[in-house]
Structure formats: C-alpha cells, structure tokens
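S.K.: For reference, the file start08.pdb (PDB, N, CA and C atoms) is included below:
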```
ATOM      1  N   MET S   1     -81.901  33.316 -71.516
ATOM      2  CA  MET S   1     -82.307  33.807 -70.210
ATOM      3  C   MET S   1     -81.574  32.997 -69.139
ATOM      4  N   LEU S   2     -80.962  33.707 -68.204
ATOM      5  CA  LEU S   2     -80.213  33.041 -67.148
ATOM      6  C   LEU S   2     -81.089  32.542 -66.016
ATOM      7  N   LEU S   3     -82.174  33.243 -65.749
ATOM      8  CA  LEU S   3     -83.070  32.860 -64.655
ATOM      9  C   LEU S   3     -84.456  32.547 -65.194
ATOM     10  N   PRO S   4     -85.023  31.423 -64.782
ATOM     11  CA  PRO S   4     -86.410  31.152 -65.167
ATOM     12  C   PRO S   4     -87.341  32.206 -64.563
ATOM     13  N   ASP S   5     -88.503  32.377 -65.163
ATOM     14  CA  ASP S   5     -89.467  33.380 -64.698
ATOM     15  C   ASP S   5     -90.038  33.074 -63.312
ATOM     16  N   ASN S   6     -90.063  31.797 -62.948
ATOM     17  CA  ASN S   6     -90.729  31.428 -61.698
ATOM     18  C   ASN S   6     -89.783  31.369 -60.489
ATOM     19  N   ILE S   7     -88.538  31.802 -60.619
ATOM     20  CA  ILE S   7     -87.589  31.775 -59.500
ATOM     21  C   ILE S   7     -87.243  33.209 -59.105
ATOM     22  N   HIS S   8     -87.397  33.502 -57.831
ATOM     23  CA  HIS S   8     -87.005  34.816 -57.316
ATOM     24  C   HIS S   8     -85.488  34.921 -57.396
ATOM     25  N   PRO S   9     -84.951  36.054 -57.826
ATOM     26  CA  PRO S   9     -83.493  36.193 -57.980
ATOM     27  C   PRO S   9     -82.684  35.835 -56.730
ATOM     28  N   LYS S  10     -83.217  36.127 -55.542
ATOM     29  CA  LYS S  10     -82.467  35.808 -54.320
ATOM     30  C   LYS S  10     -82.415  34.310 -54.041
ATOM     31  N   ASN S  11     -83.215  33.524 -54.744
ATOM     32  CA  ASN S  11     -83.174  32.071 -54.592
ATOM     33  C   ASN S  11     -82.338  31.407 -55.677
ATOM     34  N   SER S  12     -81.708  32.204 -56.509
ATOM     35  CA  SER S  12     -80.946  31.638 -57.618
ATOM     36  C   SER S  12     -79.552  31.209 -57.171
ATOM     37  N   ILE S  13     -78.983  30.310 -57.917
ATOM     38  CA  ILE S  13     -77.624  29.845 -57.660
ATOM     39  C   ILE S  13     -76.638  30.995 -57.872
ATOM     40  N   TYR S  14     -76.904  31.856 -58.840
ATOM     41  CA  TYR S  14     -76.006  32.978 -59.132
ATOM     42  C   TYR S  14     -75.910  33.940 -57.937
ATOM     43  N   TYR S  15     -77.032  34.286 -57.375
ATOM     44  CA  TYR S  15     -77.066  35.220 -56.249
ATOM     45  C   TYR S  15     -76.360  34.620 -55.035
ATOM     46  N   ASN S  16     -76.713  33.398 -54.707
ATOM     47  CA  ASN S  16     -76.110  32.747 -53.539
ATOM     48  C   ASN S  16     -74.631  32.456 -53.773
ATOM     49  N   GLY S  17     -74.278  32.119 -54.999
ATOM     50  CA  GLY S  17     -72.868  31.901 -55.329
ATOM     51  C   GLY S  17     -72.059  33.176 -55.155
ATOM     52  N   ALA S  18     -72.651  34.308 -55.508
ATOM     53  CA  ALA S  18     -71.970  35.595 -55.337
ATOM     54  C   ALA S  18     -71.727  35.891 -53.863
ATOM     55  N   ILE S  19     -72.649  35.494 -53.016
ATOM     56  CA  ILE S  19     -72.460  35.690 -51.572
ATOM     57  C   ILE S  19     -71.289  34.845 -51.072
ATOM     58  N   VAL S  20     -71.223  33.598 -51.521
ATOM     59  CA  VAL S  20     -70.113  32.719 -51.124
ATOM     60  C   VAL S  20     -68.793  33.312 -51.594
ATOM     61  N   LEU S  21     -68.743  33.784 -52.837
ATOM     62  CA  LEU S  21     -67.508  34.374 -53.355
ATOM     63  C   LEU S  21     -67.119  35.631 -52.594
ATOM     64  N   GLU S  22     -68.096  36.423 -52.212
ATOM     65  CA  GLU S  22     -67.813  37.635 -51.444
ATOM     66  C   GLU S  22     -67.185  37.289 -50.099
ATOM     67  N   VAL S  23     -67.720  36.291 -49.430
ATOM     68  CA  VAL S  23     -67.165  35.874 -48.139
ATOM     69  C   VAL S  23     -65.770  35.286 -48.341
ATOM     70  N   LEU S  24     -65.576  34.523 -49.414
ATOM     71  CA  LEU S  24     -64.251  33.959 -49.693
ATOM     72  C   LEU S  24     -63.218  35.050 -49.960
ATOM     73  N   GLN S  25     -63.617  36.103 -50.636
ATOM     74  CA  GLN S  25     -62.689  37.194 -50.924
ATOM     75  C   GLN S  25     -62.259  37.919 -49.656
ATOM     76  N   LYS S  26     -63.151  38.021 -48.702
ATOM     77  CA  LYS S  26     -62.838  38.722 -47.447
ATOM     78  C   LYS S  26     -62.022  37.859 -46.490
ATOM     79  N   ASN S  27     -62.085  36.536 -46.654
ATOM     80  CA  ASN S  27     -61.403  35.602 -45.745
ATOM     81  C   ASN S  27     -60.574  34.631 -46.570
ATOM     82  N   ASN S  28     -59.270  34.887 -46.645
ATOM     83  CA  ASN S  28     -58.405  34.049 -47.483
ATOM     84  C   ASN S  28     -58.244  32.632 -46.953
ATOM     85  N   HIS S  29     -57.938  32.511 -45.689
ATOM     86  CA  HIS S  29     -57.697  31.198 -45.090
ATOM     87  C   HIS S  29     -58.829  30.909 -44.116
ATOM     88  N   ILE S  30     -59.730  30.031 -44.537
ATOM     89  CA  ILE S  30     -60.914  29.766 -43.725
ATOM     90  C   ILE S  30     -61.307  28.296 -43.877
ATOM     91  N   GLU S  31     -61.751  27.721 -42.798
ATOM     92  CA  GLU S  31     -62.231  26.341 -42.817
ATOM     93  C   GLU S  31     -63.606  26.272 -43.468
ATOM     94  N   LEU S  32     -63.954  25.090 -43.957
ATOM     95  CA  LEU S  32     -65.217  24.886 -44.655
ATOM     96  C   LEU S  32     -66.419  25.260 -43.787
ATOM     97  N   LEU S  33     -66.448  24.773 -42.570
ATOM     98  CA  LEU S  33     -67.598  25.056 -41.696
ATOM     99  C   LEU S  33     -67.647  26.514 -41.262
ATOM    100  N   GLU S  34     -66.493  27.130 -41.094
ATOM    101  CA  GLU S  34     -66.475  28.554 -40.780
ATOM    102  C   GLU S  34     -67.046  29.365 -41.944
ATOM    103  N   LEU S  35     -66.656  28.983 -43.149
ATOM    104  CA  LEU S  35     -67.181  29.648 -44.336
ATOM    105  C   LEU S  35     -68.694  29.496 -44.414
ATOM    106  N   TYR S  36     -69.164  28.277 -44.158
ATOM    107  CA  TYR S  36     -70.606  28.040 -44.190
ATOM    108  C   TYR S  36     -71.337  28.901 -43.157
ATOM    109  N   LEU S  37     -70.800  28.989 -41.954
ATOM    110  CA  LEU S  37     -71.460  29.787 -40.910
ATOM    111  C   LEU S  37     -71.491  31.273 -41.253
ATOM    112  N   LEU S  38     -70.407  31.773 -41.868
ATOM    113  CA  LEU S  38     -70.397  33.175 -42.281
ATOM    114  C   LEU S  38     -71.409  33.435 -43.393
ATOM    115  N   VAL S  39     -71.499  32.504 -44.337
ATOM    116  CA  VAL S  39     -72.478  32.641 -45.421
ATOM    117  C   VAL S  39     -73.882  32.553 -44.855
ATOM    118  N   LYS S  40     -74.081  31.644 -43.925
ATOM    119  CA  LYS S  40     -75.404  31.448 -43.336
ATOM    120  C   LYS S  40     -75.881  32.681 -42.566
ATOM    121  N   LYS S  41     -74.945  33.458 -42.007
ATOM    122  CA  LYS S  41     -75.320  34.706 -41.345
ATOM    123  C   LYS S  41     -75.887  35.713 -42.346
ATOM    124  N   ILE S  42     -75.360  35.691 -43.553
ATOM    125  CA  ILE S  42     -75.811  36.624 -44.586
ATOM    126  C   ILE S  42     -77.072  36.120 -45.264
ATOM    127  N   ARG S  43     -77.071  34.845 -45.590
ATOM    128  CA  ARG S  43     -78.192  34.254 -46.345
ATOM    129  C   ARG S  43     -78.452  32.861 -45.800
ATOM    130  N   ASP S  44     -79.658  32.592 -45.400
ATOM    131  CA  ASP S  44     -80.007  31.305 -44.802
ATOM    132  C   ASP S  44     -80.135  30.244 -45.894
ATOM    133  N   ILE S  45     -79.034  29.528 -46.141
ATOM    134  CA  ILE S  45     -79.054  28.443 -47.130
ATOM    135  C   ILE S  45     -78.681  27.141 -46.433
ATOM    136  N   SER S  46     -79.124  26.044 -47.004
ATOM    137  CA  SER S  46     -78.819  24.742 -46.419
ATOM    138  C   SER S  46     -77.388  24.339 -46.764
ATOM    139  N   PHE S  47     -76.863  23.402 -45.992
ATOM    140  CA  PHE S  47     -75.494  22.940 -46.237
ATOM    141  C   PHE S  47     -75.358  22.262 -47.595
ATOM    142  N   PRO S  48     -76.313  21.425 -48.036
ATOM    143  CA  PRO S  48     -76.178  20.839 -49.378
ATOM    144  C   PRO S  48     -76.139  21.889 -50.496
ATOM    145  N   ILE S  49     -76.927  22.941 -50.373
ATOM    146  CA  ILE S  49     -76.882  24.021 -51.376
ATOM    147  C   ILE S  49     -75.523  24.713 -51.327
ATOM    148  N   PHE S  50     -75.004  24.935 -50.132
ATOM    149  CA  PHE S  50     -73.691  25.542 -49.961
ATOM    150  C   PHE S  50     -72.620  24.701 -50.653
ATOM    151  N   ILE S  51     -72.657  23.395 -50.451
ATOM    152  CA  ILE S  51     -71.690  22.499 -51.088
ATOM    153  C   ILE S  51     -71.855  22.551 -52.608
ATOM    154  N   TYR S  52     -73.079  22.579 -53.074
ATOM    155  CA  TYR S  52     -73.352  22.688 -54.507
ATOM    156  C   TYR S  52     -72.720  23.958 -55.082
ATOM    157  N   LEU S  53     -72.831  25.065 -54.362
ATOM    158  CA  LEU S  53     -72.236  26.324 -54.802
ATOM    159  C   LEU S  53     -70.718  26.223 -54.854
ATOM    160  N   LEU S  54     -70.128  25.581 -53.861
ATOM    161  CA  LEU S  54     -68.670  25.414 -53.853
ATOM    162  C   LEU S  54     -68.205  24.529 -55.004
ATOM    163  N   ILE S  55     -68.939  23.476 -55.287
ATOM    164  CA  ILE S  55     -68.586  22.600 -56.416
ATOM    165  C   ILE S  55     -68.655  23.395 -57.721
ATOM    166  N   GLY S  56     -69.680  24.211 -57.859
ATOM    167  CA  GLY S  56     -69.777  25.053 -59.046
ATOM    168  C   GLY S  56     -68.604  26.006 -59.163
ATOM    169  N   TYR S  57     -68.186  26.582 -58.054
ATOM    170  CA  TYR S  57     -67.038  27.479 -58.034
ATOM    171  C   TYR S  57     -65.765  26.732 -58.427
ATOM    172  N   ILE S  58     -65.589  25.531 -57.885
ATOM    173  CA  ILE S  58     -64.400  24.737 -58.208
ATOM    174  C   ILE S  58     -64.386  24.368 -59.688
ATOM    175  N   LEU S  59     -65.535  23.982 -60.226
ATOM    176  CA  LEU S  59     -65.598  23.641 -61.651
ATOM    177  C   LEU S  59     -65.323  24.858 -62.526
ATOM    178  N   LEU S  60     -65.810  26.004 -62.115
ATOM    179  CA  LEU S  60     -65.546  27.229 -62.860
ATOM    180  C   LEU S  60     -64.055  27.540 -62.865
ATOM    181  N   MET S  61     -63.418  27.418 -61.706
ATOM    182  CA  MET S  61     -61.978  27.677 -61.624
ATOM    183  C   MET S  61     -61.186  26.648 -62.430
ATOM    184  N   TRP S  62     -61.637  25.403 -62.435
ATOM    185  CA  TRP S  62     -60.968  24.363 -63.219
ATOM    186  C   TRP S  62     -61.060  24.684 -64.711
ATOM    187  N   GLN S  63     -62.216  25.134 -65.177
ATOM    188  CA  GLN S  63     -62.373  25.511 -66.577
ATOM    189  C   GLN S  63     -61.450  26.681 -66.921
ATOM    190  N   PHE S  64     -61.371  27.656 -66.030
ATOM    191  CA  PHE S  64     -60.483  28.798 -66.237
ATOM    192  C   PHE S  64     -59.034  28.329 -66.303
ATOM    193  N   TYR S  65     -58.660  27.438 -65.400
ATOM    194  CA  TYR S  65     -57.291  26.921 -65.353
ATOM    195  C   TYR S  65     -56.965  26.164 -66.637
ATOM    196  N   LYS S  66     -57.882  25.300 -67.067
ATOM    197  CA  LYS S  66     -57.638  24.532 -68.288
ATOM    198  C   LYS S  66     -57.518  25.455 -69.494
ATOM    199  N   LYS S  67     -58.372  26.463 -69.583
ATOM    200  CA  LYS S  67     -58.317  27.391 -70.705
ATOM    201  C   LYS S  67     -57.005  28.166 -70.695
ATOM    202  N   LYS S  68     -56.588  28.598 -69.509
ATOM    203  CA  LYS S  68     -55.333  29.328 -69.387
ATOM    204  C   LYS S  68     -54.157  28.439 -69.795
ATOM    205  N   ARG S  69     -54.169  27.196 -69.347
ATOM    206  CA  ARG S  69     -53.088  26.271 -69.721
ATOM    207  C   ARG S  69     -53.118  25.979 -71.202
ATOM    208  N   LEU S  70     -54.323  25.803 -71.757
ATOM    209  CA  LEU S  70     -54.443  25.534 -73.180
ATOM    210  C   LEU S  70     -53.894  26.702 -73.987
ATOM    211  N   ASN S  71     -54.227  27.919 -73.593
ATOM    212  CA  ASN S  71     -53.697  29.096 -74.286
ATOM    213  C   ASN S  71     -52.183  29.153 -74.176
ATOM    214  N   TYR S  72     -51.642  28.803 -73.019
ATOM    215  CA  TYR S  72     -50.198  28.785 -72.820
ATOM    216  C   TYR S  72     -49.542  27.747 -73.735
ATOM    217  N   VAL S  73     -50.122  26.559 -73.790
ATOM    218  CA  VAL S  73     -49.571  25.491 -74.638
ATOM    219  C   VAL S  73     -49.641  25.896 -76.103
ATOM    220  N   LEU S  74     -50.778  26.428 -76.526
ATOM    221  CA  LEU S  74     -50.913  26.838 -77.929
ATOM    222  C   LEU S  74     -49.936  27.959 -78.277
ATOM    223  N   LYS S  75     -49.760  28.905 -77.388
ATOM    224  CA  LYS S  75     -48.823  30.002 -77.633
ATOM    225  C   LYS S  75     -47.408  29.467 -77.780
ATOM    226  N   ASN S  76     -47.015  28.589 -76.876
ATOM    227  CA  ASN S  76     -45.670  28.026 -76.946
ATOM    228  C   ASN S  76     -45.512  27.110 -78.143
ATOM    229  N   PHE S  77     -46.546  26.373 -78.493
ATOM    230  CA  PHE S  77     -46.485  25.519 -79.670
ATOM    231  C   PHE S  77     -46.265  26.373 -80.918
ATOM    232  N   ASN S  78     -46.988  27.470 -81.020
ATOM    233  CA  ASN S  78     -46.821  28.359 -82.171
ATOM    234  C   ASN S  78     -45.417  28.954 -82.206
ATOM    235  N   ASN S  79     -44.878  29.310 -81.046
ATOM    236  CA  ASN S  79     -43.498  29.845 -81.003
ATOM    237  C   ASN S  79     -42.493  28.785 -81.429
ATOM    238  N   ILE S  80     -42.649  27.564 -80.954
ATOM    239  CA  ILE S  80     -41.731  26.481 -81.314
ATOM    240  C   ILE S  80     -41.862  26.162 -82.802
ATOM    241  N   HIS S  81     -43.090  26.102 -83.289
ATOM    242  CA  HIS S  81     -43.338  25.791 -84.691
ATOM    243  C   HIS S  81     -42.728  26.861 -85.601
ATOM    244  N   SER S  82     -42.886  28.129 -85.252
ATOM    245  CA  SER S  82     -42.321  29.198 -86.090
ATOM    246  C   SER S  82     -40.806  29.187 -86.018
ATOM    247  N   PHE S  83     -40.229  28.802 -84.856
ATOM    248  CA  PHE S  83     -38.785  28.715 -84.729
ATOM    249  C   PHE S  83     -38.250  27.606 -85.634
ATOM    250  N   ARG S  84     -38.902  26.453 -85.650
ATOM    251  CA  ARG S  84     -38.464  25.343 -86.501
ATOM    252  C   ARG S  84     -38.615  25.666 -87.980
ATOM    253  N   SER S  85     -39.625  26.409 -88.339
ATOM    254  CA  SER S  85     -39.847  26.776 -89.726
ATOM    255  C   SER S  85     -38.770  27.711 -90.239
ATOM    256  N   ASN S  86     -38.260  28.563 -89.330
ATOM    257  CA  ASN S  86     -37.229  29.527 -89.712
ATOM    258  C   ASN S  86     -35.851  28.889 -89.769
ATOM    259  N   SER S  87     -35.663  27.745 -89.157
ATOM    260  CA  SER S  87     -34.339  27.096 -89.096
ATOM    261  C   SER S  87     -34.036  26.354 -90.358
TER     262      SER S  87
END
```
Output the file's structure in the form of structure tokens.

M.R.:
Amino acid sequence: MLLPDNIHPKNSIYYNGAIVLEVLQKNNHIELLELYLLVKKIRDISFPIFIYLLIGYILLMWQFYKKKRLNYVLKNFNNIHSFRSNS
C-alpha cells in the first residue's frame, strides 16, 4: 500500500510532488522561490515540505541517471567482451 489509511490523499507526498512536477513542466527556467510561489497558489504547502518534495525529485532523477548509466556501461561492456572473444 502506497498510502496509509489515516492520510488524506491530498496530504500525501505523491499528490503534492505531482503538483510540483506539473509546475516544473510548464516552466522550464524558473527560480526556486518563484516555483514555490506558483506551487503555493495551487496547493498551500509549507516551504520545508516543498524542499522535501524537491529533494525527493532530485533523488529520483539521480536514481534514473545512475540506472541509465549502468545500463549503458553494461551494454558497452558486453559489446567489448564479445568483440574480444571473437578476436
């Protein structure tokens, strides 16, 4: 279960994180405080919660980046290994 029974969905990190991502998608180049003010217009969240959501987003992107790089390294390693085996 992603959400505990005692938390309203609109108070969840997932819901609020989706709002932050939606605002980020609409505004490519935006300052941190401008982003916070735009999010705050949609959903009244505190600045510490906003920062927490951004940290979660950054960690998610870092995991995606590492996985993508790992797949790239493994793919190239397999290509190099098969090339050496054939030589």

S.K.: For a test of reading the model, state the distance in Å between CA of Pro48 in chain S and CA of Leu35 in chain S, rounded to one decimal.

M.R.: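 Result for CA of Pro48 in chain S versus CA of Leu35 in chain S: 13.6 Å, one decimal.
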
S.K.: Enclose the full set of atoms of range 36-41 of chain S listed in the file within a box whose edges lie along x, y and z, apply 6 Å of padding to each of the six sides, and report centre and edge lengths in Å to one decimal as JSON.

M.R.:
```
{"center_x": -72.5, "center_y": 31.9, "center_z": -43.2, "size_x": 18.7, "size_y": 19.7, "size_z": 16.5}
```

S.K.: Could you tell me how far CA of Asn27 in chain S lies from atom N of Tyr14 in chain S, in Å and to one decimal?

M.R.: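 About the pair CA of Asn27 in chain S and atom N of Tyr14 in chain S: they are 20.6 Å apart.
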
S.K.: So which residues get picked by the PyMOL selection byres (((chain S and resi 36 and name CA) around 9) and name CA) here, written as an mmCIF file with N, CA and C atoms, in the coordinates of the input?

M.R.:
```cif
data_model
loop_
_atom_site.group_PDB
_atom_site.id
_atom_site.type_symbol
_atom_site.label_atom_id
_atom_site.label_comp_id
_atom_site.auth_asym_id
_atom_site.auth_seq_id
_atom_site.Cartn_x
_atom_site.Cartn_y
_atom_site.Cartn_z
ATOM 1 N N VAL S 20 -71.223 33.598 -51.521
ATOM 2 C CA VAL S 20 -70.113 32.719 -51.124
ATOM 3 C C VAL S 20 -68.793 33.312 -51.594
ATOM 4 N N GLU S 31 -61.751 27.721 -42.798
ATOM 5 C CA GLU S 31 -62.231 26.341 -42.817
ATOM 6 C C GLU S 31 -63.606 26.272 -43.468
ATOM 7 N N LEU S 32 -63.954 25.090 -43.957
ATOM 8 C CA LEU S 32 -65.217 24.886 -44.655
ATOM 9 C C LEU S 32 -66.419 25.260 -43.787
ATOM 10 N N LEU S 33 -66.448 24.773 -42.570
ATOM 11 C CA LEU S 33 -67.598 25.056 -41.696
ATOM 12 C C LEU S 33 -67.647 26.514 -41.262
ATOM 13 N N GLU S 34 -66.493 27.130 -41.094
ATOM 14 C CA GLU S 34 -66.475 28.554 -40.780
ATOM 15 C C GLU S 34 -67.046 29.365 -41.944
ATOM 16 N N LEU S 35 -66.656 28.983 -43.149
ATOM 17 C CA LEU S 35 -67.181 29.648 -44.336
ATOM 18 C C LEU S 35 -68.694 29.496 -44.414
ATOM 19 N N LEU S 37 -70.800 28.989 -41.954
ATOM 20 C CA LEU S 37 -71.460 29.787 -40.910
ATOM 21 C C LEU S 37 -71.491 31.273 -41.253
ATOM 22 N N LEU S 38 -70.407 31.773 -41.868
ATOM 23 C CA LEU S 38 -70.397 33.175 -42.281
ATOM 24 C C LEU S 38 -71.409 33.435 -43.393
ATOM 25 N N VAL S 39 -71.499 32.504 -44.337
ATOM 26 C CA VAL S 39 -72.478 32.641 -45.421
ATOM 27 C C VAL S 39 -73.882 32.553 -44.855
ATOM 28 N N LYS S 40 -74.081 31.644 -43.925
ATOM 29 C CA LYS S 40 -75.404 31.448 -43.336
ATOM 30 C C LYS S 40 -75.881 32.681 -42.566
ATOM 31 N N LYS S 41 -74.945 33.458 -42.007
ATOM 32 C CA LYS S 41 -75.320 34.706 -41.345
ATOM 33 C C LYS S 41 -75.887 35.713 -42.346
ATOM 34 N N ILE S 45 -79.034 29.528 -46.141
ATOM 35 C CA ILE S 45 -79.054 28.443 -47.130
ATOM 36 C C ILE S 45 -78.681 27.141 -46.433
ATOM 37 N N PHE S 47 -76.863 23.402 -45.992
ATOM 38 C CA PHE S 47 -75.494 22.940 -46.237
ATOM 39 C C PHE S 47 -75.358 22.262 -47.595
ATOM 40 N N PHE S 50 -75.004 24.935 -50.132
ATOM 41 C CA PHE S 50 -73.691 25.542 -49.961
ATOM 42 C C PHE S 50 -72.620 24.701 -50.653
ATOM 43 N N ILE S 51 -72.657 23.395 -50.451
ATOM 44 C CA ILE S 51 -71.690 22.499 -51.088
ATOM 45 C C ILE S 51 -71.855 22.551 -52.608
#
```

S.K.: What is the atom N of Arg43 in chain S-atom C of Ile19 in chain S distance in Å, reported with one decimal?

M.R.: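 Result for atom N of Arg43 in chain S versus atom C of Ile19 in chain S: 8.0 Å, one decimal.
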